[in-house]
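Contents: one structure, followed by commentary.
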Amino acid sequence: MFVAVEDERGILGCVTFVPDASSPWAELLEEEEAGVRMLAVLPCAQGRGIGSRLLDTCIDRARAGQKRALMLHTTPWMQSAHRLYERAGFERLPERDWRPLPEVPLLAYRLPL
């Protein structure tokens, strides 16, 4: 897990990097993919580049591990996160969408490395 600490409020954002499919945090990762889980930034800190820096850290880590892609899932209502992922070069992969629970649809995004 990576965290961003910027001021007296303490932790303003965090993300879990999943190095490969053998990790207990892995969800539907394929061979030679790394994953991103639970990227979150406090609402009061959003729009300051914290999410981008956390995502860039995961991208750098996946490249260093010689992964062919970085994969993540997000909910349909997290539209600001979708914009963040798309700006970083992630592409929607509807064929890898899934529902861990009937009421929780997850949209797949993938960044080829």
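Going through the structure tokens in order, the chains are called A, B, and so on, while each chain numbers its residues from 1 and the ligands are numbered from 1 in the order shown.
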Show me a table, sorted first by chain and then by increasing residue number, of the residues of segment 36-89 of chain A having an atom at most 10 Å from segment 109-113 of chain A, each with its shortest atom pair and the distance in Å to one decimal, counting only C-alpha atoms and written as a Markdown table.
| residue | atom | partner | partner_atom | distance |
| --- | --- | --- | --- | --- |
| A:Val36 | CA | A:Arg110 | CA | 10.0 |
| A:Ile59 | CA | A:Leu113 | CA | 8.4 |
| A:Asp60 | CA | A:Leu113 | CA | 9.9 |
| A:Ala62 | CA | A:Leu113 | CA | 8.2 |
| A:Arg63 | CA | A:Leu113 | CA | 6.8 |
| A:Gln66 | CA | A:Leu113 | CA | 8.5 |
| A:Lys67 | CA | A:Leu113 | CA | 6.9 |
| A:Arg68 | CA | A:Leu113 | CA | 5.0 |
| A:Ala69 | CA | A:Pro112 | CA | 4.3 |
| A:Leu70 | CA | A:Leu111 | CA | 5.1 |
| A:Met71 | CA | A:Arg110 | CA | 4.5 |
| A:Leu72 | CA | A:Tyr109 | CA | 5.4 |
| A:His73 | CA | A:Tyr109 | CA | 6.1 |
| A:Thr74 | CA | A:Tyr109 | CA | 7.9 |
| A:His82 | CA | A:Tyr109 | CA | 8.7 |
| A:Tyr85 | CA | A:Tyr109 | CA | 7.7 |
| A:Glu86 | CA | A:Tyr109 | CA | 8.6 |
| A:Ala88 | CA | A:Leu111 | CA | 8.1 |
| A:Gly89 | CA | A:Leu111 | CA | 6.1 |
Practice task
Identify, with DSSP run on backbone atoms, the residues in chain A assigned to alpha helix (DSSP H), and express the list as a list in words.
Solution key: Ile50, Gly51, Ser52, Arg53, Leu54, Leu55, Asp56, Thr57, Cys58, Ile59, Asp60, Arg61, Ala62, Arg63, Ala64, Gln79, Ser80, Ala81, His82, Arg83, Leu84, Tyr85, Glu86 and Arg87 of chain A
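Among the candidates A:Val41, A:Met78, A:Ala21, A:Leu28, the residue lying nearest to Pro100 of chain A is A:Leu28 (atoms considered: only C-alpha atoms).
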Practice task
Would you please extract all strand (DSSP E) residues from chain A, as assigned by DSSP on the backbone, and give them as an MDAnalysis selection string?
Solution key: chainID A and resid 2:7 10:18 33:41 69:74 91:92 98:101 104:112
Exercise for the section: Do a neighbour search on Asp20 of chain A at 10 Å with only C-alpha atoms, toss out local chain neighbours closer than 4 positions, and write the hits as a ChimeraX atom specification. Expected result: /A:24-27,29-35,62,65,67,70
Could the residues in this selection be saved with C-alpha atoms as a compact mmCIF listing (two decimals), in the first residue's frame?
# COMPACT_ATOMS: atom_id res chain seq x y z
CA PRO A 24 -4.44 -12.18 -1.90
CA TRP A 25 -5.64 -8.75 -3.15
CA ALA A 26 -5.70 -9.86 -6.79
CA GLU A 27 -9.06 -9.88 -8.55
CA LEU A 29 -5.64 -10.59 -12.94
CA GLU A 30 -4.22 -12.44 -15.91
CA GLU A 31 -0.65 -13.63 -16.43
CA GLU A 32 1.87 -10.76 -16.47
CA GLU A 33 -0.61 -8.17 -15.18
CA ALA A 34 -0.39 -6.09 -12.01
CA GLY A 35 -3.38 -4.46 -10.38
CA ALA A 62 4.24 -2.39 -12.63
CA GLY A 65 8.16 -5.54 -12.39
CA LYS A 67 4.32 -6.41 -16.30
CA LEU A 70 -1.95 -2.68 -15.16
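Minimum distance to Arg53 of chain A across A:Pro19, A:Pro94, A:Gly13, A:Pro76 (counting only C-alpha atoms) occurs at A:Gly13.
Distance-wise, atom CA of Glu95 of chain A and atom CA of Ile50 of chain A end up 29.5 Å apart.
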